[in-house]
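A.B. asks: One structure, pasted below without further comment.
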Amino acid sequence: MPSPAAQPRRAPSPLRVAVLGCGVVGTEVVRLLTQQADDLAARVGAPLELVGVAVRNVDAPRDPVVDRALLTADADELVTRADIVVELMGGEEPARNLLLRAIEHGASVVTANKALLAQDGPTLYRAADEAGVDVYYEAAVAGAIPIVRPIRESLTGDKIRRVLGIVNGTTNYVLDRMATDGLELEDAVKEAQGLGYAEADPTADVEGYDAAAKAAILASLAFHTRVHLDDVYREGITSVTASDVAWAARTGHAVKLLAIAEATDDGVSVRVHPALVPLDHPLAGVRGAFNAVFVEAEAAGELMFYGRGAGGAPTASAVLGDVVSAARHRVLGGKSPEESTYADLPLLPHASALTRYQVRLVVDDRPGVLAQVASTFAGQGVSIESVRQVPDGDRADVGTGGSAELLLTTHVAPEAALASTTRAARDLAPVREVTSVLRVEGV
């Protein structure tokens with residue numbers, strides 16, 4: 001009789017994977033699951049078997065890599081026969097109910113759905129904890145860039161103070177084109193649409209909704225506090241002009257749409273808005289449709305994560321990384337980190353956020369105007385760091401008894417004080433126009 005050591009090892013049973021959604025990212029996930037099956041099996045310790053792909057229309061044209069025999073319109077049934085469910089549908093419903101159904105039937109879930117996580121992530125986390133299964137979502141924040149795992153696991157022994165992120169490739173491409181070729185916003189958006197960087201309806205990108213959802217996720221992870229999408233102050237790039245971008249370059253800045261999450265002694269502030277970033281800051285050099293997240297931690301110091309934040313293949317890479325992690329837990333045991341909310345820090349109103357402003361004013365070109373403007377700023381509790389006047393020749397009416405343009409940069413002050421200052425400036429008799437108000441970050 002052969003000894004126990006001589007007994008052949010039983011081949012591990014395949015792990016069943018279901019994919020919900022077969023758009024650009026879903027197709028690439030199917031491609032990787034199919035074409036890299038042997039490598040993935042070696043990494044996991046068991047084969048990954050694609051058991052179905054849920055779509056709205058099974059008859060729609062598909063990439064040949066998608067086996068049409070796997071297509072189904074019955075997502076409810078599909079999630080009940082999978083060990084791992086990959087959700088790439090987007091939107092809150094039916095994605096939420098499908099993931100909860102999958103968890104109820106014992107499946108781990110992988111999702112790229114930032115809107116769902118920002119709106120109702122805790123519901124998924126609680127259900128997964130009770131069922132003893134995993135929830136992974138690396139692809140929900142910055143495409144291929146590994147940022148969720150570093151914050152959730154690698155930096156869990158540190159204390160994060162601040163996170164600054166360029167987390168929307170569309171807006172970064174638009175602002176970059178405005179900077180490099182002087183395009184106006186509308187023209188840059190049209191160009192982005194033509195290249196496939198922007199949707200036919202770019203509202204979610206240019207109005208900051210996409211970035212706000214990602215900011216909520218990052219803040220929740222970084223500060224061990226539940227941050228809902230409604231807690232994030234949001235301001236898009238629709239008011240940014242080519243003139244703003246040109247002036248930014250002249251003063252040593254780049255305009256970026258930033259997701260900002262920071263902890264203070266009083267609580268947590270989370271916001272999304274356009275900001276001037278000094279050219280010597282790493283985020284200022286992020287070009288095109290790339291993303292980057294800059295983390296400031298007590299012990300680790302400053303860290304930057306940079307790469308492609310969107311696209312089928314890059315996002316699919318992040319999804320497959322999560323699939324492998326969830327699958328290995330199925331084979332070897334273990335579980336993804338649970339939601340950490342122990343800090344439960346207060347969420348601060350946007351009015352209390354501390355920042356600096358750069359304000360451009362068109363004023364009467366006569367003596368005493370600057371003193372009047374400075375007095376108004378001081379009256380609101382805001383001090384001026386520097387003043388710059390447009391040189392002769394930059395404006396046609398300078399020196400003709402017409403108008404002059406002033407550029408004022410403030411010291412740090414609460415958002416409420418800065419907002420009241422700009423309102424007061426608009427009411428001054430010699431102020432013809434407040435041309436632009438932009439925050440300064442990364443200093």
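Here's how to read the names in the structure tokens: chain A, B, ... by the order shown, residue numbers from 1 in each chain, ligand numbers from 1 in the order shown.
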Please return as a ChimeraX atom specification: the residues of stretch 48-93 of chain A that backbone DSSP assigns to strand (DSSP E).
C.D. replies: /A:48-54,71-72,84-87
A.B. asks: Skip stretch 43-52 of chain A itself and residues of its chain fewer than 5 positions away, then list as a VMD selection string all residues within 9 Å of it, counting only C-alpha atoms.
C.D. replies: chain A and resid 11 to 20 30 33 to 34 37 to 38 69 to 72 75 78 to 79 81 to 82 324 to 332
A.B. asks: As an exercise, work out the distance from atom CA of A:Ala204 to atom CA of A:Asp74 in Å and give it to one decimal place.
C.D. replies: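 Separating atom CA of A:Ala204 from atom CA of A:Asp74 is a distance of 28.6 Å.
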A.B. asks: I'd like the contact shell of stretch 275-292 of chain A - 8 Å cut-off, only C-alpha atoms, skipping same-chain residues fewer than 6 positions apart - returned as a ChimeraX atom specification.
C.D. replies: /A:142,145,165-174,176-177,197,248,252-258,304-310,438-443
A.B. asks: Which of these residues is nearest to A:Pro430, using only C-alpha atoms: A:Leu116, A:Ala102, A:Ala404, A:Leu88?
C.D. replies: A:Ala404
A.B. asks: If you run DSSP on the backbone, which residues of stretch 98-222 of chain A are helix (DSSP H, G or I), as number ranges by chain?
C.D. replies: A: 98-104, 114-131, 139-142, 148-154, 169-181, 185-194, 203-206, 209-222
A.B. asks: Can you list, as a PyMOL selection string, every protein, DNA or RNA residue that comes within 12 Å of A:Glu207 when you count only C-alpha atoms, leaving out same-chain residues fewer than 4 positions away?
C.D. replies: chain A and resi 168+170-171+201-203+211-213+233-240+257+272-274
A.B. asks: So that I can see what lies close to A:Ala343, please list as a ChimeraX atom specification the residues with an atom at most 10 Å from it, counting only C-alpha atoms and leaving out residues fewer than 6 positions away in the same chain.
C.D. replies: /A:223-226,267
A.B. asks: Counting only C-alpha atoms, which residues of stretch 36-120 of chain A fall within 12 Å of stretch 311-318 of chain A, and what is the closest atom pair for each with its distance in Å at one decimal, ordered by chain and rising number, as CSV?
C.D. replies:
```
residue,atom,partner,partner_atom,distance
A:Gln36,CA,A:Ser317,CA,11.7
A:Val86,CA,A:Ala316,CA,10.6
A:Glu87,CA,A:Ala316,CA,11.6
A:Leu88,CA,A:Ala316,CA,9.9
A:Val110,CA,A:Ala318,CA,10.0
A:Thr111,CA,A:Ala318,CA,10.1
A:Ala112,CA,A:Thr315,CA,8.3
A:Asn113,CA,A:Thr315,CA,11.6
```
A.B. asks: Set the distance at 6 Å and use only C-alpha atoms: which residues neighbour stretch 408-423 of chain A once local chain neighbours fewer than 2 positions away are removed? I'd like the list as a list in words.
C.D. replies: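 Returned residues: Ala351, Ser352, Ala353, Leu354, Thr355, Arg356, Tyr357, Gln358, Val359, Phe377, Gln380, Ser383, Ile384, Glu385, Ser386, Val387, Ala425 and Arg426 of chain A.
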A.B. asks: Give the answer as one residue: which of A:Leu345, A:Ile103, A:Val148, A:Ala222 has the shortest atom-to-atom distance to A:Asp129, using only C-alpha atoms?
C.D. replies: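 Answer, going by the shortest atom-to-atom distance: A:Ile103.
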A.B. asks: In Å, rounded to a single decimal, give me how far atom CA of A:Gly90 is from atom CA of A:Val58.
C.D. replies: 18.2 Å
A.B. asks: Taking into account only C-alpha atoms, which residue in the set A:Asp134, A:Ala200, A:Leu99, A:Thr241 is nearest to A:Gly182?
C.D. replies: A:Thr241
A.B. asks: What's around A:Tyr125 at 8 Å? Count only C-alpha atoms, leave out sequence neighbours fewer than 2 positions away in its own chain, and write the answer as a PDB file with C-alpha atoms, in the first residue's frame.
C.D. replies:
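Contents of part-v2.pdb, as written:
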```
ATOM      1  CA  GLY A 121     -20.473  51.255   0.680  1.00  0.00           C
ATOM      2  CA  PRO A 122     -21.149  50.454   4.370  1.00  0.00           C
ATOM      3  CA  THR A 123     -24.156  48.323   3.400  1.00  0.00           C
ATOM      4  CA  ALA A 127     -23.135  42.239   4.490  1.00  0.00           C
ATOM      5  CA  ALA A 128     -19.718  40.893   3.488  1.00  0.00           C
ATOM      6  CA  ASP A 129     -18.485  40.854   7.094  1.00  0.00           C
ATOM      7  CA  VAL A 135     -15.189  43.084  -0.880  1.00  0.00           C
ATOM      8  CA  GLU A 338     -12.856  44.991   7.133  1.00  0.00           C
ATOM      9  CA  GLU A 339     -14.150  48.543   7.009  1.00  0.00           C
TER      10      GLU A 339
END
```
A.B. asks: Provide the atom CA of A:Asp59 to atom CA of A:His105 distance in Å, to one decimal place.
C.D. replies: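 Distance between the two atoms: 28.5 Å.
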A.B. asks: Let me make sure I understand: among A:Val245, A:Leu221, A:Ala118, A:Val29, which one has the smallest atom-to-atom distance to A:Ser154 if we use only C-alpha atoms?
C.D. replies: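 For A:Ser154, the nearest of the candidates is A:Leu221.
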